[in-house]
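Listing of input10.txt; format and content: compact mmCIF, C-alpha atoms.
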```
# COMPACT_ATOMS: atom_id res chain seq x y z
CA MET A 19 0.00 0.00 0.00
CA ARG A 20 2.97 2.32 0.54
CA ALA A 21 3.65 2.39 -3.20
CA ALA A 22 -0.03 3.04 -3.99
CA LEU A 23 -0.10 5.90 -1.46
CA ALA A 24 3.04 7.39 -3.03
CA ALA A 25 1.38 7.22 -6.46
CA ALA A 26 -1.72 8.90 -5.00
CA ALA A 27 0.46 11.72 -3.64
CA ASP A 28 1.99 12.09 -7.11
CA ALA A 29 -1.51 12.34 -8.59
CA ALA A 30 -2.41 15.11 -6.12
CA ALA A 31 0.77 17.01 -6.97
CA ALA A 32 -0.24 16.83 -10.64
CA GLY A 33 -3.72 18.18 -9.88
CA GLU A 34 -5.44 14.82 -10.23
CA VAL A 35 -7.71 13.23 -7.63
CA PRO A 36 -5.21 11.43 -5.37
CA VAL A 37 -5.71 7.76 -6.13
CA GLY A 38 -2.86 5.34 -6.67
CA ALA A 39 -2.77 1.65 -7.53
CA VAL A 40 -0.22 -1.11 -7.82
CA VAL A 41 -0.44 -4.63 -9.21
CA VAL A 42 1.58 -7.28 -7.38
CA LEU A 43 2.65 -10.68 -8.71
CA ASP A 44 4.53 -13.14 -6.50
CA GLY A 45 5.18 -10.43 -3.91
CA ARG A 46 6.70 -8.05 -6.48
CA ILE A 47 5.16 -4.87 -7.86
CA ILE A 48 4.80 -5.23 -11.63
CA ALA A 49 2.81 -2.05 -12.28
CA THR A 50 2.20 1.25 -10.51
CA ALA A 51 -0.14 4.02 -11.62
CA ALA A 52 -1.72 7.25 -10.43
CA ASN A 53 -5.00 8.77 -11.51
CA ALA A 54 -4.51 10.66 -14.78
CA PRO A 55 -7.87 11.42 -16.47
CA ARG A 56 -7.12 15.13 -16.78
CA ALA A 57 -3.54 14.74 -17.96
CA LEU A 58 -4.44 12.07 -20.50
CA HIS A 59 -7.81 13.58 -21.48
CA ASP A 60 -9.22 10.12 -20.84
CA PRO A 61 -12.12 9.49 -18.46
CA THR A 62 -11.02 5.85 -18.13
CA ALA A 63 -7.52 6.77 -16.91
CA HIS A 64 -8.21 5.80 -13.31
CA ALA A 65 -5.23 4.47 -11.37
CA GLU A 66 -6.60 0.92 -11.35
CA MET A 67 -7.23 0.89 -15.10
CA LEU A 68 -3.75 2.19 -15.88
CA ALA A 69 -2.09 -0.26 -13.47
CA ILE A 70 -4.08 -3.22 -14.85
CA ARG A 71 -3.17 -2.27 -18.44
CA ALA A 72 0.52 -1.96 -17.53
CA ALA A 73 0.50 -5.27 -15.64
CA ALA A 74 -1.19 -7.09 -18.52
CA ALA A 75 1.42 -5.70 -20.90
CA ALA A 76 4.24 -6.65 -18.51
CA ILE A 77 3.19 -10.29 -18.30
CA GLY A 78 1.81 -10.55 -21.83
CA SER A 79 -1.67 -11.69 -20.85
CA ASP A 80 -5.12 -10.23 -20.25
CA ARG A 81 -5.57 -12.68 -17.37
CA LEU A 82 -4.00 -11.49 -14.13
CA SER A 83 -5.29 -14.39 -12.05
CA ASP A 84 -2.13 -14.64 -9.93
CA CYS A 85 -2.05 -10.89 -9.26
CA ASP A 86 -3.28 -8.65 -6.47
CA VAL A 87 -4.38 -5.03 -6.83
CA TRP A 88 -3.67 -2.52 -4.08
CA VAL A 89 -5.54 0.78 -4.48
CA THR A 90 -5.99 3.74 -2.17
CA LEU A 91 -9.72 4.21 -2.81
CA GLU A 92 -12.60 1.76 -3.20
CA PRO A 93 -12.88 1.04 -6.94
CA CYS A 94 -15.72 2.52 -8.99
CA ALA A 95 -17.95 0.33 -11.16
CA MET A 96 -15.64 0.66 -14.18
CA CYS A 97 -12.54 -0.33 -12.23
CA ALA A 98 -14.30 -3.12 -10.33
CA GLY A 99 -15.47 -4.47 -13.69
CA ALA A 100 -11.91 -4.39 -15.02
CA ILE A 101 -10.69 -6.19 -11.89
CA ALA A 102 -13.27 -8.91 -12.50
CA HIS A 103 -12.47 -9.18 -16.22
CA ALA A 104 -8.75 -9.41 -15.48
CA ARG A 105 -9.53 -12.10 -12.91
CA ILE A 106 -7.47 -10.39 -10.22
CA ALA A 107 -7.03 -12.75 -7.25
CA ARG A 108 -7.19 -10.23 -4.40
CA LEU A 109 -8.21 -6.58 -4.05
CA TYR A 110 -6.84 -4.48 -1.18
CA TYR A 111 -8.13 -0.95 -0.85
CA GLY A 112 -7.77 1.94 1.57
CA ALA A 113 -10.59 4.46 1.82
CA SER A 114 -14.21 3.51 1.26
CA ASP A 115 -16.13 5.60 -1.27
CA PRO A 116 -19.81 5.99 -0.34
CA LYS A 117 -20.46 8.22 -3.39
CA GLY A 118 -18.61 6.43 -6.18
CA GLY A 119 -17.51 3.05 -4.87
CA ALA A 120 -18.82 -0.19 -6.34
CA VAL A 121 -17.45 -2.81 -3.97
CA GLU A 122 -18.73 -1.93 -0.51
CA TYR A 123 -21.12 0.78 -1.72
CA GLY A 124 -23.21 1.46 -4.81
CA PRO A 125 -23.79 -1.57 -7.02
CA ARG A 126 -21.60 -3.87 -4.87
CA LEU A 127 -20.41 -5.41 -8.09
CA PHE A 128 -18.71 -8.47 -6.64
CA SER A 129 -21.93 -9.45 -4.85
CA GLN A 130 -23.97 -9.55 -8.05
CA PRO A 131 -24.95 -13.02 -9.27
CA THR A 132 -24.03 -12.08 -12.85
CA ILE A 133 -20.38 -11.23 -12.13
CA HIS A 134 -18.12 -13.88 -13.60
CA HIS A 135 -15.19 -13.45 -11.19
CA ARG A 136 -15.00 -12.31 -7.57
CA PRO A 137 -11.63 -11.42 -6.08
CA GLU A 138 -11.02 -11.73 -2.38
CA VAL A 139 -11.56 -8.24 -0.99
CA PHE A 140 -9.67 -6.62 1.90
CA PRO A 141 -10.96 -3.09 2.66
CA GLY A 142 -9.49 -0.47 4.97
CA ILE A 143 -5.78 -1.06 4.36
CA GLY A 144 -4.11 2.35 4.81
CA ASP A 145 -7.53 3.99 5.15
CA GLY A 146 -6.34 6.85 7.38
CA GLU A 147 -3.57 7.96 5.05
CA ALA A 148 -5.65 7.50 1.90
CA SER A 149 -8.57 9.44 3.39
CA ALA A 150 -6.26 12.24 4.52
CA LEU A 151 -4.84 12.61 1.00
CA LEU A 152 -8.34 12.91 -0.42
CA ARG A 153 -9.55 15.33 2.28
CA ASP A 154 -6.49 17.56 1.85
CA PHE A 155 -6.83 17.58 -1.94
CA PHE A 156 -10.51 18.52 -1.93
CA SER A 157 -10.13 21.10 0.87
CA ARG A 158 -7.54 22.92 -1.28
CA LEU A 159 -10.06 23.06 -4.14
CA ARG A 160 -12.74 24.68 -1.99
```
Just give me the structure of the file as structure tokens.
Amino acid sequence: MRAALAAAADAAAAGEVPVGAVVVLDGRIIATAANAPRALHDPTAHAEMLAIRAAAAAIGSDRLSDCDVWVTLEPCAMCAGAIAHARIARLYYGASDPKGGAVEYGPRLFSQPTIHHRPEVFPGIGDGEASALLRDFFSRLR
């Protein structure tokens, strides 16, 4: 989670919502990404999406079934869907997202009977630090 939090801090410094994600395979980080929708002019450029794309390219497969994703904020529906499609083994996330989350809140994607893959989910890892990054970022905007 330390690497994901560092990526989130980088996102904040770049004016992006501070979310960072890493993909881990066999205890080794194979991809790290920070939110970049504004910089890339791409609404799908969430940290999870970018990290999953980089990890898939790194291992040469669209199936990341032996990988874990660590992300600082509860994934949205798009990112949770990508996690399912990539067949990620485990999802660790920091802050919950009552407004935009899709794991613990909102559609609770992994609880739906139509979802084809459900990762193990571990919420609240690094929650305090992840929440503080988000609070600080949005308080500066107001």
> Hey, what's within 12 Å of A:Ala102 if we count only C-alpha atoms and toss same-chain stuff fewer than 5 positions away? As number ranges by chain, please?
Replying inline: A: 66-67, 70, 80-83, 85-87, 93, 95-97, 107-109, 121, 127-130, 132-139
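Among A:Ala57, A:Ala113, A:Ile106, A:Val35, the residue with the shortest atom-to-atom distance to A:Ala69, counting all atoms listed in the file, is A:Ile106.
Interatomic distance, atom CA of A:Gly38 against atom CA of A:Val89: 5.7 Å.
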>> From the options A:Arg20, A:Arg126, A:Arg158, A:Arg46, which residue's atoms come nearest to A:Ala73, counting all atoms listed in the file?
In response: A:Arg46
Expected axis-aligned box over every listed atom of stretch 94-98 of chain A, 6 Å added per side, centre plus edges in Å to one decimal, as lines of an AutoDock Vina configuration file:
```
center_x = -15.2
center_y = -0.3
center_z = -11.6
size_x = 17.4
size_y = 17.6
size_z = 17.2
```
>> Please report the interatomic distance between atom CA of A:Ala51 and atom CA of A:Ala65 in Å with one decimal.
In response: 5.1 Å
>> Between atom CA of A:Pro141 and atom CA of A:Gly112, what distance in Å does the model show, to one decimal?
In response: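 Atom-to-atom, atom CA of A:Pro141 to atom CA of A:Gly112, that is 6.1 Å.
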>> I need the residue nearest A:Pro125 from this list: A:Ile101, A:Ile143, A:Ala30, A:Cys94. Use all atoms listed in the file for the distance.
In response: A:Cys94
>> With distances taken over all atoms listed in the file, which residue among A:Ala148, A:Ile77, A:Ala54, A:Ala98 lies nearest A:Gly119?
In response: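 Of the candidates, the smallest distance to A:Gly119 is held by A:Ala98.
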>> Can you pull out the residues contacting A:Asp115? Cut-off 7 Å, using only C-alpha atoms, and skip same-chain residues under 3 positions away; I want them as a VMD selection string.
In response: chain A and resid 91 to 92 118 to 119 123
> Taking into account all atoms listed in the file, which residue in the set A:Ala21, A:Ala32, A:Gly99, A:Ala76 is nearest to A:Thr50?
Replying inline: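 Of the candidates, the smallest distance to A:Thr50 is held by A:Ala21.
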Restore all heavy atoms in stretch 106-117 of chain A and list the result as a short mmCIF file (atom, residue, chain, number, x, y, z; two decimals), in the frame of the given file.
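See out.cif below for the written result:
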```
data_model
loop_
_atom_site.label_atom_id
_atom_site.label_comp_id
_atom_site.auth_asym_id
_atom_site.auth_seq_id
_atom_site.Cartn_x
_atom_site.Cartn_y
_atom_site.Cartn_z
N ILE A 106 -8.39 -10.71 -11.31
CA ILE A 106 -7.47 -10.39 -10.22
C ILE A 106 -7.82 -11.29 -9.02
O ILE A 106 -8.99 -11.47 -8.68
CB ILE A 106 -7.61 -8.90 -9.82
CG1 ILE A 106 -7.25 -7.98 -10.99
CG2 ILE A 106 -6.85 -8.58 -8.57
CD1 ILE A 106 -5.80 -7.98 -11.38
N ALA A 107 -6.80 -11.83 -8.37
CA ALA A 107 -7.03 -12.75 -7.25
C ALA A 107 -7.53 -12.03 -6.00
O ALA A 107 -8.50 -12.47 -5.37
CB ALA A 107 -5.75 -13.52 -6.92
N ARG A 108 -6.85 -10.94 -5.62
CA ARG A 108 -7.19 -10.23 -4.40
C ARG A 108 -7.17 -8.73 -4.64
O ARG A 108 -6.30 -8.22 -5.34
CB ARG A 108 -6.20 -10.58 -3.29
CG ARG A 108 -6.44 -11.96 -2.69
CD ARG A 108 -5.26 -12.45 -1.86
NE ARG A 108 -4.09 -12.72 -2.69
CZ ARG A 108 -3.90 -13.80 -3.43
NH1 ARG A 108 -4.80 -14.75 -3.46
NH2 ARG A 108 -2.80 -13.95 -4.15
N LEU A 109 -8.12 -8.04 -4.00
CA LEU A 109 -8.21 -6.58 -4.05
C LEU A 109 -8.04 -6.05 -2.64
O LEU A 109 -8.77 -6.45 -1.72
CB LEU A 109 -9.57 -6.15 -4.60
CG LEU A 109 -9.96 -4.68 -4.40
CD1 LEU A 109 -9.01 -3.76 -5.17
CD2 LEU A 109 -11.41 -4.46 -4.80
N TYR A 110 -7.06 -5.17 -2.45
CA TYR A 110 -6.84 -4.48 -1.18
C TYR A 110 -7.08 -3.01 -1.45
O TYR A 110 -6.52 -2.46 -2.40
CB TYR A 110 -5.39 -4.65 -0.72
CG TYR A 110 -4.96 -6.09 -0.52
CD1 TYR A 110 -4.46 -6.84 -1.58
CD2 TYR A 110 -5.04 -6.69 0.74
CE1 TYR A 110 -4.05 -8.15 -1.40
CE2 TYR A 110 -4.63 -8.00 0.92
CZ TYR A 110 -4.14 -8.73 -0.15
OH TYR A 110 -3.74 -10.03 0.03
N TYR A 111 -7.94 -2.38 -0.65
CA TYR A 111 -8.13 -0.95 -0.85
C TYR A 111 -8.17 -0.21 0.48
O TYR A 111 -8.47 -0.78 1.52
CB TYR A 111 -9.35 -0.64 -1.71
CG TYR A 111 -10.71 -0.93 -1.13
CD1 TYR A 111 -11.37 0.01 -0.34
CD2 TYR A 111 -11.36 -2.12 -1.41
CE1 TYR A 111 -12.63 -0.25 0.16
CE2 TYR A 111 -12.61 -2.38 -0.92
CZ TYR A 111 -13.25 -1.44 -0.13
OH TYR A 111 -14.50 -1.71 0.36
N GLY A 112 -7.85 1.09 0.39
CA GLY A 112 -7.77 1.94 1.57
C GLY A 112 -9.10 2.54 1.95
O GLY A 112 -9.89 1.94 2.69
N ALA A 113 -9.38 3.73 1.45
CA ALA A 113 -10.59 4.46 1.82
C ALA A 113 -11.82 3.91 1.12
O ALA A 113 -11.77 3.57 -0.06
CB ALA A 113 -10.42 5.94 1.47
N SER A 114 -12.91 3.85 1.86
CA SER A 114 -14.21 3.51 1.26
C SER A 114 -14.73 4.73 0.52
O SER A 114 -14.35 5.86 0.84
CB SER A 114 -15.20 3.11 2.35
OG SER A 114 -14.78 1.93 2.99
N ASP A 115 -15.58 4.50 -0.47
CA ASP A 115 -16.13 5.60 -1.27
C ASP A 115 -17.65 5.49 -1.35
O ASP A 115 -18.19 4.91 -2.29
CB ASP A 115 -15.51 5.58 -2.67
CG ASP A 115 -15.89 6.79 -3.50
OD1 ASP A 115 -16.68 7.63 -3.02
OD2 ASP A 115 -15.39 6.89 -4.64
N PRO A 116 -18.36 6.08 -0.35
CA PRO A 116 -19.81 5.99 -0.34
C PRO A 116 -20.49 6.60 -1.58
O PRO A 116 -21.58 6.17 -1.95
CB PRO A 116 -20.22 6.77 0.91
CG PRO A 116 -19.01 6.79 1.77
CD PRO A 116 -17.84 6.77 0.83
N LYS A 117 -19.85 7.57 -2.22
CA LYS A 117 -20.46 8.22 -3.39
C LYS A 117 -20.18 7.48 -4.70
O LYS A 117 -21.04 7.39 -5.56
CB LYS A 117 -19.95 9.65 -3.53
CG LYS A 117 -20.54 10.60 -2.53
CD LYS A 117 -19.96 11.97 -2.72
CE LYS A 117 -21.04 12.99 -2.87
NZ LYS A 117 -20.49 14.34 -3.02
#
```
